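Student: Structure file my_file-v8.txt, compact mmCIF, C-alpha atoms, is pasted below:
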```txt
# COMPACT_ATOMS: atom_id res chain seq x y z
CA MET A 1 123.12 234.39 66.88
CA GLU A 2 120.03 233.42 64.94
CA ASP A 3 119.68 230.11 66.77
CA GLN A 4 119.49 231.95 70.11
CA LEU A 5 116.62 234.17 68.91
CA ILE A 6 114.08 231.80 67.39
CA ALA A 7 110.98 230.24 68.90
CA THR A 8 111.05 226.45 69.28
CA ASP A 9 108.64 223.82 70.58
CA TYR A 10 110.07 224.37 74.06
CA PHE A 11 111.01 228.05 73.96
CA ASP A 12 107.53 228.77 72.62
CA PHE A 13 107.26 232.53 72.96
CA ASN A 14 104.41 232.66 70.45
CA HIS A 15 102.14 230.91 72.95
CA PRO A 16 99.26 233.23 73.99
CA ALA A 17 100.09 232.92 77.71
CA ILE A 18 103.68 234.00 77.12
CA GLN A 19 102.57 236.80 74.83
CA SER A 20 100.26 238.07 77.57
CA PHE A 21 102.91 237.71 80.29
CA SER A 22 105.44 239.49 78.09
CA ARG A 23 103.36 242.65 78.11
CA GLN A 24 104.41 243.15 81.74
CA VAL A 25 108.07 243.52 80.74
CA THR A 26 109.37 247.05 81.25
CA GLY A 27 112.55 248.88 80.28
CA ASN A 28 114.14 250.47 77.25
CA THR A 29 117.54 248.80 76.98
CA ALA A 30 118.18 245.09 76.66
CA ALA A 31 119.61 245.00 80.19
CA GLU A 32 116.60 246.81 81.66
CA LYS A 33 114.22 244.43 79.91
CA ALA A 34 116.21 241.39 81.06
CA ILE A 35 116.09 242.59 84.67
CA SER A 36 112.32 243.06 84.41
CA MET A 37 111.90 239.58 82.90
CA TYR A 38 114.05 238.05 85.61
CA TYR A 39 111.91 239.30 88.47
CA LEU A 40 108.67 238.48 86.69
CA VAL A 41 109.75 234.87 86.14
CA ARG A 42 111.33 234.54 89.58
CA ASP A 43 108.35 235.74 91.59
CA GLU A 44 105.24 235.35 89.44
CA ILE A 45 105.89 231.66 88.74
CA VAL A 46 106.10 229.75 92.03
CA TYR A 47 108.91 227.22 92.29
CA ASN A 48 107.50 223.71 92.70
CA PRO A 49 109.89 220.78 92.13
CA TYR A 50 107.03 218.27 92.26
CA THR A 51 105.78 219.47 88.86
CA LEU A 52 108.58 217.30 87.47
CA GLN A 53 106.00 214.51 87.61
CA ASP A 54 104.29 216.00 84.54
CA GLY A 55 107.15 214.72 82.41
CA LEU A 56 108.12 215.91 78.96
CA PRO A 57 105.39 218.58 78.57
CA SER A 58 106.66 220.25 81.76
CA LEU A 59 109.87 221.27 79.98
CA LYS A 60 108.10 223.85 77.81
CA ALA A 61 108.27 227.54 78.71
CA SER A 62 104.49 227.82 78.37
CA TYR A 63 104.02 225.03 80.92
CA CYS A 64 104.73 227.62 83.61
CA PHE A 65 101.26 229.07 83.12
CA GLN A 66 99.24 225.89 83.60
CA LYS A 67 99.29 226.39 87.38
CA ASN A 68 101.68 229.35 87.66
CA GLN A 69 104.08 226.82 89.16
CA ALA A 70 107.12 225.06 87.74
CA TYR A 71 110.57 223.73 88.55
CA CYS A 72 113.90 225.11 87.43
CA ILE A 73 114.06 223.95 83.78
CA PRO A 74 110.70 225.37 82.62
CA LYS A 75 111.30 228.58 84.58
CA ALA A 76 114.67 228.95 82.86
CA ALA A 77 113.00 228.09 79.54
CA LEU A 78 110.49 230.87 80.12
CA MET A 79 113.33 233.33 80.72
CA VAL A 80 114.96 232.18 77.48
CA ALA A 81 111.68 232.50 75.57
CA LEU A 82 110.99 236.01 76.86
CA CYS A 83 114.49 237.17 76.03
CA ARG A 84 114.24 235.81 72.49
CA GLN A 85 110.86 237.43 71.98
CA HIS A 86 112.40 240.77 72.91
CA GLY A 87 115.38 240.30 70.61
CA ILE A 88 117.89 239.28 73.28
CA PRO A 89 119.87 236.13 72.40
CA ALA A 90 119.40 233.47 75.06
CA ARG A 91 119.95 229.76 75.64
CA LEU A 92 119.38 227.14 78.32
CA GLY A 93 122.10 226.10 80.76
CA LEU A 94 122.11 222.87 82.76
CA ALA A 95 124.15 221.92 85.81
CA ASP A 96 124.16 219.30 88.56
CA VAL A 97 123.81 220.64 92.08
CA ILE A 98 123.37 219.58 95.67
CA ASN A 99 120.80 221.65 97.52
CA HIS A 100 121.72 221.39 101.19
CA LEU A 101 118.33 222.86 102.15
CA SER A 102 116.26 220.23 100.39
CA THR A 103 113.48 218.88 102.56
CA PRO A 104 113.62 215.21 103.60
CA ALA A 105 110.29 214.71 101.81
CA LEU A 106 111.71 215.97 98.49
CA VAL A 107 114.87 213.86 98.82
CA GLU A 108 112.74 210.80 99.54
CA TRP A 109 110.44 211.56 96.59
CA LEU A 110 113.34 211.95 94.16
CA GLY A 111 115.31 209.10 95.66
CA THR A 112 118.49 211.21 95.90
CA ASP A 113 119.92 214.46 97.24
CA TYR A 114 121.85 214.95 94.00
CA PHE A 115 119.89 217.27 91.71
CA ALA A 116 120.85 216.58 88.14
CA LEU A 117 119.84 218.99 85.38
CA HIS A 118 119.32 222.17 87.36
CA GLY A 119 118.21 224.72 84.81
CA TYR A 120 119.29 228.33 84.37
CA ALA A 121 119.35 230.78 81.47
CA GLU A 122 122.30 232.33 79.72
CA ILE A 123 121.61 235.62 77.99
CA TRP A 124 123.71 237.88 75.76
CA LEU A 125 124.13 241.30 77.36
CA ASN A 126 126.83 243.93 76.98
CA GLN A 127 128.74 241.78 74.47
CA GLY A 128 128.97 238.77 76.76
CA TRP A 129 127.01 235.80 78.11
CA VAL A 130 125.51 236.20 81.58
CA LYS A 131 124.07 233.39 83.70
CA VAL A 132 120.70 234.10 85.30
CA THR A 133 118.72 231.83 87.62
CA PRO A 134 115.10 233.04 88.07
CA VAL A 135 114.12 229.93 89.99
CA PHE A 136 113.49 230.36 93.72
CA ASP A 137 110.70 232.89 94.31
CA ARG A 138 110.97 235.43 97.12
CA ALA A 139 108.41 233.74 99.37
CA LEU A 140 110.30 230.45 99.19
CA CYS A 141 113.61 232.14 99.97
CA GLU A 142 112.12 233.84 103.02
CA LYS A 143 110.78 230.49 104.23
CA PHE A 144 114.26 228.93 104.11
CA ASN A 145 116.16 232.00 105.34
CA VAL A 146 117.93 232.47 102.02
CA GLU A 147 118.61 235.88 100.55
CA PRO A 148 116.55 236.15 97.33
CA LEU A 149 118.85 236.03 94.32
CA GLU A 150 119.12 239.43 92.66
CA PHE A 151 120.10 240.31 89.09
CA ASP A 152 121.65 243.62 88.03
CA GLY A 153 121.82 243.05 84.26
CA LYS A 154 125.62 242.89 84.35
CA HIS A 155 126.83 240.02 86.52
CA ASP A 156 126.03 236.32 86.78
CA ALA A 157 123.12 235.51 89.08
CA ILE A 158 123.75 231.96 90.30
CA LEU A 159 122.30 230.48 93.45
CA HIS A 160 123.90 231.30 96.79
CA SER A 161 126.31 228.84 98.35
CA ALA A 162 125.10 229.73 101.86
CA THR A 163 122.07 231.03 103.75
CA LYS A 164 121.89 234.27 105.71
CA ASP A 165 123.26 232.51 108.81
CA GLY A 166 126.11 230.84 106.96
CA SER A 167 124.59 227.38 106.56
CA LYS A 168 125.33 225.55 103.31
CA HIS A 169 122.81 226.11 100.55
CA MET A 170 123.59 225.37 96.90
CA GLU A 171 126.65 223.48 95.73
CA TYR A 172 127.33 223.44 91.97
CA VAL A 173 128.91 220.09 91.16
CA LYS A 174 129.01 219.90 87.36
CA TYR A 175 128.15 222.20 84.46
CA HIS A 176 126.78 220.49 81.35
CA GLY A 177 126.98 223.56 79.13
CA CYS A 178 124.35 225.51 77.22
CA PHE A 179 121.83 224.54 74.57
CA ASP A 180 120.06 226.47 71.81
CA ASP A 181 117.02 224.20 72.16
CA MET A 182 115.80 221.80 74.82
CA PRO A 183 118.25 218.84 74.73
CA ILE A 184 115.60 216.14 75.01
CA GLU A 185 117.81 213.10 74.41
CA PHE A 186 120.42 214.35 76.86
CA ILE A 187 117.72 215.01 79.46
CA ARG A 188 116.21 211.57 78.90
CA LYS A 189 119.56 209.86 79.41
CA THR A 190 120.66 211.94 82.39
CA ALA A 191 117.28 211.87 84.13
CA SER A 192 117.04 208.09 83.72
CA GLU A 193 120.41 207.71 85.43
CA ALA A 194 119.84 210.26 88.19
CA TYR A 195 116.16 209.56 88.87
CA PRO A 196 115.48 205.96 87.83
CA LYS A 197 112.00 205.98 89.40
CA PHE A 198 111.01 208.78 87.00
CA ALA A 199 112.75 207.49 83.87
CA ASP A 200 109.49 206.78 82.04
CA LEU A 201 108.30 210.37 82.43
CA PHE A 202 110.64 211.58 79.70
CA ASN A 203 110.52 208.50 77.50
CA GLN A 204 107.52 209.51 75.45
CA ASP A 205 107.15 211.08 72.02
CA ARG A 206 108.34 214.62 71.49
CA VAL A 207 105.90 217.06 73.00
CA SER A 208 103.32 218.69 70.75
CA THR A 209 103.64 222.31 69.71
CA GLN A 210 99.99 222.84 70.57
```
Show me, as structure tokens, the structure contained in the file I just sent.
Tutor:
Amino acid sequence: MEDQLIATDYFDFNHPAIQSFSRQVTGNTAAEKAISMYYLVRDEIVYNPYTLQDGLPSLKASYCFQKNQAYCIPKAALMVALCRQHGIPARLGLADVINHLSTPALVEWLGTDYFALHGYAEIWLNQGWVKVTPVFDRALCEKFNVEPLEFDGKHDAILHSATKDGSKHMEYVKYHGCFDDMPIEFIRKTASEAYPKFADLFNQDRVSTQ
């Protein structure tokens, strides 16, 4: 599983900000460390879908620390990077979803209520791959009456299909699979089709490692 343990331009766990953040990770076993990482990423990095406007650089794990805000892909990338730094194989997962709680302003901004390329992490624990989604922070969940997504180190943590009162929340439409590094060309193609008004954001040269 060497490819799921290395640092890359996007899973850049050697970045000073990630190194500093990583010192907050607690636990002795891989599962305990993964649980600690999950809650750190979920709640210390505020979910902000509008950071998508920063384009290709926003896909990097270290991007999360520019404003301590990020959307799902960089938050998932940060989870992947932290796991790899601590010797836990990890990779990025992408899926298309419909978020039934999306605000009208966000739908208007994106030009669609179909959210392509929702990011999550897949990590190797207890001899199997586990899906983890450290995306929606606790404060945001409370605002929208959604139970914060918990992770026990054993079972998949994917977003809830309903709110506390039974209203529809997250609908997974299509899984694209998992990737050992950020699939830039795939993201470019899919984002251009799903969000044509933002197509140019990801059509720039590969992001610097700096």
Student: Here is a test: counting all atoms listed in the file, which residue of A:Leu59, A:Ala157, A:Ala17, A:Gly166 is nearest to A:Arg188?
Tutor: A:Leu59
Student: Around the point (107.7, 224.7, 89.0), in the coordinates given by the file, pick out the residues reaching within 9 Å, counting all atoms listed in the file, and return them as a list in words.
Tutor: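 Result, sorted by chain then residue number: Ile45, Val46, Tyr47, Asn48, Pro49, Tyr50, Thr51, Leu52, Ser58, Tyr63, Cys64, Lys67, Asn68, Gln69, Ala70, Tyr71, Cys72, Ile73, Pro74, Lys75 and Val135 of chain A.
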Student: Compile the contact shell of A:Asp137 as a list in words: residues with an atom at most 8 Å away, counting only C-alpha atoms, same-chain residues fewer than 3 positions apart removed.
Tutor: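 Listing them by chain and then by number gives Arg42, Asp43, Glu44, Ile45, Val46, Tyr47, Pro134, Leu140, Cys141 and Pro148 of chain A.
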Student: Put a box with edges along x, y and z around all the listed atoms of stretch 111-115 of chain A, pad it by 8 Å on each side, then give me its centre and sizes in Å, one decimal, as AutoDock Vina command-line options.
Tutor:
```
--center_x 118.6 --center_y 213.2 --center_z 94.5 --size_x 22.5 --size_y 24.2 --size_z 21.5
```
Student: Skip A:Leu94 itself and residues of its chain fewer than 3 positions away, then list as a list in words all residues within 10 Å of it, counting all atoms listed in the file.
Tutor: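 Listed by chain and then number, they are Cys72, Ile73, Ala76, Val97, Ala116, Leu117, His118, Gly119, Tyr120, Ala121, Glu122, Lys174, Tyr175, His176, Gly177, Cys178, Phe179, Pro183 and Ile187 of chain A.
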Student: Could you check the closest approach to A:Val107 for each of A:Tyr195, A:Trp124, A:Gln85, A:Pro16 and tell me which residue wins, using only C-alpha atoms?
Tutor: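 Among the listed residues, A:Tyr195 lies closest to A:Val107.
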Student: Using all atoms listed in the file, which of the listed residues (A:Phe65, A:Leu5, A:His86, A:Glu185) sits closest to A:Thr26?
Tutor: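 Closest to A:Thr26, using all atoms listed in the file: A:His86.
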Student: To one decimal in Å, tell me the separation between atom CA of A:Asp180 and atom CA of A:Leu78.
Tutor: 13.4 Å
